[in-house]
Amino acid sequence: MKEMHFEDAATKDGIWPLPEDRLRIVPTSGSPGTFWEDRGDRRHCGVDLYATTGSKVVSTEYGIVLEVGIFTSPRIVPYWNETLYILVENESGLCTKFAELVEVDVRPGDRLRSGQMVGRVGSVLNPEKIDDEAPAYIKSLKDKGDSSMLHFELYRSRPKVSEKYLGGNWFGPGKPPGLLDPTDRLVAISKE
Ligand SMILES: [Zn+2]
């Protein structure tokens, strides 16, 4: 990726991934959707940026699309809708995952400018299918009506597939190799 160059020095930290979002709230300690949030039997691998379903999602920096795939599906968990993810390798070598999307506008191999539209925010949860068997944090999301968001993950390098990782959560001991906390980065971008 050395052949790519930064043309817009004004955006050194990157571009906020939700151009229609004026509030730019990054969940931090204690609030739902924080990085590594303890969800009982699982931990949250990313940061949730709440947004209306259908909101535009743009690339935060220059990069190349490594993968596009299914992130959640009712075939895996009955109360999930089908949503998609995009994995991008940034010029810095870090990898960003944009997930819980209803629409994806890029393909593997595409080169991205910072601020380029990559897809639209979707909604993972199907409220009609959430019953008493669902984890408490899922039921609380349903009660609040907050189920549409961009799930944002950051990795030191391309993440490996693991059976302990599902729908943006990590089951079991340890941590996904190379997983980084994107909170400080997102907070910096939110102030650009
Ligand atoms: Zn999430």
# chains A, B, ... in the order shown; residues from 1 in each chain; ligands from 1
>>> residues_around(residues="Tyr62 in chain A", least_positions_apart="6", cutoff="6 Å", atoms="only C-alpha atoms", output="list in words")
Asn90, Glu91, Leu112, Arg113 and Ser114 of chain A
>>> residues_near_ligand(ligand="ligand 1", cutoff="6 Å", atoms="only C-alpha atoms and all ligand atoms", output="PDB file with C-alpha atoms, in the first residue's frame")
ATOM      1  CA  GLY A  33     -21.814  -0.372  23.100  1.00  0.00           C
ATOM      2  CA  GLY A  46     -15.980  -3.058  18.818  1.00  0.00           C
ATOM      3  CA  VAL A  47     -17.654   0.252  19.499  1.00  0.00           C
ATOM      4  CA  ASP A  48     -21.307   0.843  18.605  1.00  0.00           C
ATOM      5  CA  HIS A 151     -20.388  -1.651  14.782  1.00  0.00           C
ATOM      6  CA  GLY A 168     -18.944  -8.745  16.885  1.00  0.00           C
TER       7      GLY A 168
END
>>> select_by_dssp(residues="chain A", states="alpha helix (DSSP H)", output="NGL selection string")
:A and (136-144 or 183-190)
>>> residues_around(residues="Ser73 in chain A", least_positions_apart="3", cutoff="9 Å", atoms="only C-alpha atoms", output="PyMOL selection string")
chain A and resi 70+76-84+124+167
>>> closest_residue(among="A:Gly14, A:Pro74, A:Gly115, A:Gly30", to="Lys191 in chain A", atoms="only C-alpha atoms")
A:Gly14
>>> residues_around(residues="Ser190 in chain A", least_positions_apart="3", cutoff="8 Å", atoms="only C-alpha atoms", output="number ranges by chain")
A: 16, 24-25, 186-187
>>> decode(residues="range 164-175 of chain A", atoms="all heavy atoms", output="compact mmCIF listing (two decimals), in the first residue's frame")
# COMPACT_ATOMS: atom_id res chain seq x y z
N LYS A 164 -14.50 -18.48 18.26
CA LYS A 164 -14.88 -17.75 19.48
C LYS A 164 -15.48 -16.38 19.16
O LYS A 164 -15.96 -15.68 20.04
CB LYS A 164 -13.66 -17.55 20.39
CG LYS A 164 -13.16 -18.83 21.01
CD LYS A 164 -12.06 -18.48 22.01
CE LYS A 164 -11.04 -19.58 22.09
NZ LYS A 164 -9.76 -19.08 22.63
N TYR A 165 -15.39 -16.00 17.89
CA TYR A 165 -15.91 -14.69 17.46
C TYR A 165 -17.22 -14.89 16.73
O TYR A 165 -17.30 -15.68 15.79
CB TYR A 165 -14.89 -14.02 16.53
CG TYR A 165 -15.35 -12.70 15.96
CD1 TYR A 165 -15.04 -11.51 16.59
CD2 TYR A 165 -16.10 -12.65 14.79
CE1 TYR A 165 -15.46 -10.29 16.08
CE2 TYR A 165 -16.53 -11.45 14.26
CZ TYR A 165 -16.21 -10.27 14.91
OH TYR A 165 -16.64 -9.08 14.39
N LEU A 166 -18.26 -14.15 17.18
CA LEU A 166 -19.54 -14.26 16.50
C LEU A 166 -20.28 -12.94 16.64
O LEU A 166 -20.49 -12.44 17.75
CB LEU A 166 -20.37 -15.40 17.10
CG LEU A 166 -21.67 -15.75 16.37
CD1 LEU A 166 -21.42 -16.30 14.97
CD2 LEU A 166 -22.47 -16.78 17.18
N GLY A 167 -20.70 -12.39 15.50
CA GLY A 167 -21.51 -11.17 15.50
C GLY A 167 -20.91 -10.02 16.27
O GLY A 167 -21.63 -9.26 16.92
N GLY A 168 -19.59 -9.88 16.22
CA GLY A 168 -18.94 -8.74 16.88
C GLY A 168 -18.68 -8.97 18.37
O GLY A 168 -18.32 -8.03 19.09
N ASN A 169 -18.89 -10.20 18.83
CA ASN A 169 -18.63 -10.53 20.23
C ASN A 169 -17.61 -11.66 20.31
O ASN A 169 -17.46 -12.46 19.38
CB ASN A 169 -19.92 -10.97 20.93
CG ASN A 169 -20.92 -9.84 21.05
OD1 ASN A 169 -20.67 -8.86 21.76
ND2 ASN A 169 -22.03 -9.96 20.36
N TRP A 170 -16.92 -11.73 21.46
CA TRP A 170 -15.91 -12.76 21.70
C TRP A 170 -16.37 -13.64 22.85
O TRP A 170 -16.67 -13.16 23.94
CB TRP A 170 -14.58 -12.10 22.04
CG TRP A 170 -13.45 -13.04 22.24
CD1 TRP A 170 -12.93 -13.45 23.44
CD2 TRP A 170 -12.67 -13.70 21.23
NE1 TRP A 170 -11.88 -14.31 23.23
CE2 TRP A 170 -11.70 -14.48 21.88
CE3 TRP A 170 -12.71 -13.69 19.82
CZ2 TRP A 170 -10.76 -15.25 21.19
CZ3 TRP A 170 -11.78 -14.45 19.14
CH2 TRP A 170 -10.83 -15.22 19.81
N PHE A 171 -16.42 -14.94 22.60
CA PHE A 171 -16.86 -15.91 23.60
C PHE A 171 -15.63 -16.65 24.11
O PHE A 171 -14.82 -17.11 23.31
CB PHE A 171 -17.82 -16.91 22.96
CG PHE A 171 -19.13 -16.29 22.53
CD1 PHE A 171 -19.21 -15.53 21.36
CD2 PHE A 171 -20.28 -16.45 23.28
CE1 PHE A 171 -20.40 -14.94 20.96
CE2 PHE A 171 -21.48 -15.87 22.89
CZ PHE A 171 -21.54 -15.13 21.73
N GLY A 172 -15.55 -16.77 25.43
CA GLY A 172 -14.44 -17.55 25.97
C GLY A 172 -13.31 -16.68 26.45
O GLY A 172 -13.38 -15.46 26.38
N PRO A 173 -12.24 -17.32 26.94
CA PRO A 173 -11.13 -16.57 27.54
C PRO A 173 -10.29 -15.86 26.49
O PRO A 173 -10.42 -16.11 25.30
CB PRO A 173 -10.31 -17.67 28.24
CG PRO A 173 -10.60 -18.91 27.45
CD PRO A 173 -12.01 -18.77 26.92
N GLY A 174 -9.42 -14.99 26.98
CA GLY A 174 -8.50 -14.29 26.08
C GLY A 174 -9.20 -13.20 25.31
O GLY A 174 -10.27 -12.74 25.67
N LYS A 175 -8.53 -12.81 24.22
CA LYS A 175 -9.00 -11.70 23.40
C LYS A 175 -8.69 -12.06 21.95
O LYS A 175 -7.73 -12.79 21.69
CB LYS A 175 -8.20 -10.45 23.76
CG LYS A 175 -9.04 -9.26 24.12
CD LYS A 175 -8.14 -8.07 24.45
CE LYS A 175 -8.98 -6.95 25.01
NZ LYS A 175 -8.22 -5.77 25.33
